[in-house]
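Structure first, then comments.
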Amino acid sequence: MTTLNIDRSVAAILEAARQGDFISYGDVAKANGFEWSFTMNHLMPKHLDIILAKADAQGWPLITANVVNKQNIGSGKLEERSLSGFVSCARRLGYEVGDSDGQVFLEEQQRETFAFAKKYDGGVQ
């Protein structure tokens, strides 16, 4: 069975952010020893939701804001479907995000993730 490891994914996301970079879904898969595939495409949304819940529970920014499609690695832009999923998960966690505020919320979480990653030492904050 194909499973993704939360800690490996978190480490990859934060390492990219520490370097000032976004990370692709495929690179998160690679951090777990997998190539991007149809299976990964279906496993990744739930995996990122679990990471969001972990980040929120530890008082971190929503670090999956920095996980984007490969073609958007330079800009950090999320495709509409991905942005909708990110915002929906944030709302389930109790964040108030207006219907037209998704992009602003995403960019705020991305900035916070970059700042957090630079000071994160690997322990629970």
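Numbering starts fresh at 1 for the residues of each chain in the structure tokens, the chains themselves are lettered A, B, ... in the order given, and ligands are numbered from 1 as they appear.
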Hey, what's within 9 Å of Phe114 in chain A if we count only C-alpha atoms and toss same-chain stuff fewer than 3 positions away? As a PDB file with N, CA and C atoms, in the first residue's frame, please?
ATOM      1  N   LEU A  14       9.048  22.572   4.902  1.00  0.00           N
ATOM      2  CA  LEU A  14       9.743  23.591   5.686  1.00  0.00           C
ATOM      3  C   LEU A  14      11.155  23.852   5.180  1.00  0.00           C
ATOM      4  N   ALA A  16      12.138  23.672   2.021  1.00  0.00           N
ATOM      5  CA  ALA A  16      11.975  24.528   0.840  1.00  0.00           C
ATOM      6  C   ALA A  16      11.679  25.961   1.274  1.00  0.00           C
ATOM      7  N   ALA A  17      10.762  26.112   2.228  1.00  0.00           N
ATOM      8  CA  ALA A  17      10.399  27.456   2.707  1.00  0.00           C
ATOM      9  C   ALA A  17      11.587  28.146   3.364  1.00  0.00           C
ATOM     10  N   ARG A  18      12.401  27.399   4.093  1.00  0.00           N
ATOM     11  CA  ARG A  18      13.590  27.968   4.738  1.00  0.00           C
ATOM     12  C   ARG A  18      14.524  28.569   3.694  1.00  0.00           C
ATOM     13  N   GLN A  19      14.539  27.952   2.523  1.00  0.00           N
ATOM     14  CA  GLN A  19      15.379  28.435   1.421  1.00  0.00           C
ATOM     15  C   GLN A  19      14.667  29.497   0.587  1.00  0.00           C
ATOM     16  N   GLY A  20      13.430  29.843   0.987  1.00  0.00           N
ATOM     17  CA  GLY A  20      12.679  30.864   0.272  1.00  0.00           C
ATOM     18  C   GLY A  20      11.958  30.355  -0.954  1.00  0.00           C
ATOM     19  N   ASP A  21      11.742  29.026  -1.011  1.00  0.00           N
ATOM     20  CA  ASP A  21      11.126  28.419  -2.191  1.00  0.00           C
ATOM     21  C   ASP A  21       9.779  27.787  -1.867  1.00  0.00           C
ATOM     22  N   ILE A  63       1.201  25.510   6.608  1.00  0.00           N
ATOM     23  CA  ILE A  63       2.393  25.353   5.768  1.00  0.00           C
ATOM     24  C   ILE A  63       2.128  24.758   4.400  1.00  0.00           C
ATOM     25  N   ASN A  66       2.340  26.502   0.812  1.00  0.00           N
ATOM     26  CA  ASN A  66       3.532  26.594  -0.027  1.00  0.00           C
ATOM     27  C   ASN A  66       3.705  25.408  -0.973  1.00  0.00           C
ATOM     28  N   GLN A 109      -0.698  33.174   4.465  1.00  0.00           N
ATOM     29  CA  GLN A 109      -0.168  31.930   5.022  1.00  0.00           C
ATOM     30  C   GLN A 109       1.192  31.590   4.407  1.00  0.00           C
ATOM     31  N   GLN A 110       1.376  31.905   3.132  1.00  0.00           N
ATOM     32  CA  GLN A 110       2.672  31.667   2.494  1.00  0.00           C
ATOM     33  C   GLN A 110       3.760  32.531   3.138  1.00  0.00           C
ATOM     34  N   ARG A 111       3.462  33.814   3.345  1.00  0.00           N
ATOM     35  CA  ARG A 111       4.449  34.697   3.995  1.00  0.00           C
ATOM     36  C   ARG A 111       4.769  34.190   5.404  1.00  0.00           C
ATOM     37  N   ALA A 117       9.509  29.030   8.862  1.00  0.00           N
ATOM     38  CA  ALA A 117      10.520  28.034   8.472  1.00  0.00           C
ATOM     39  C   ALA A 117      11.929  28.509   8.800  1.00  0.00           C
ATOM     40  N   LYS A 118      12.169  29.800   8.699  1.00  0.00           N
ATOM     41  CA  LYS A 118      13.507  30.337   8.983  1.00  0.00           C
ATOM     42  C   LYS A 118      13.874  30.203  10.463  1.00  0.00           C
TER      43      LYS A 118
END
Tell me, in Å to one decimal, how far CA of Phe86 in chain A is from CA of Gly33 in chain A.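 Taking CA of Phe86 in chain A and CA of Gly33 in chain A, their separation equals 24.1 Å.
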Fewer than 3 positions away in the same chain doesn't count, so skip those; otherwise give me all residues within 12 Å of Glu79 in chain A, counting only C-alpha atoms, as an MDAnalysis selection string. chainID A and resid 65 67:73 75:76 82:86 102:103 106
Can you tell me, as a list in words, what residues are no more than 10 Å from Leu62 in chain A when counting only C-alpha atoms, ignoring any on the same chain fewer than 4 positions away?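 That gives Leu48, Asp49, Ile51, Leu52, Ala53, Lys54, Ala55, Asp56, Asn66, Phe86, Cys89, Ala90, Leu106, Glu108, Gln109, Gln110, Glu112 and Thr113 of chain A.
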Residue nearest Ala115 in chain A - candidates A:Pro61, A:Met44, A:Leu4, A:Ala11, atoms counted: only C-alpha atoms: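 Among the listed residues, the smallest separation from Ala115 in chain A belongs to A:Pro61.
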Residue among A:Gly26, A:Ile50, A:Arg92, A:Thr64 lying closest to Ile6 in chain A, counting only C-alpha atoms: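 Of all the options, A:Ile50 lies closest to Ile6 in chain A.
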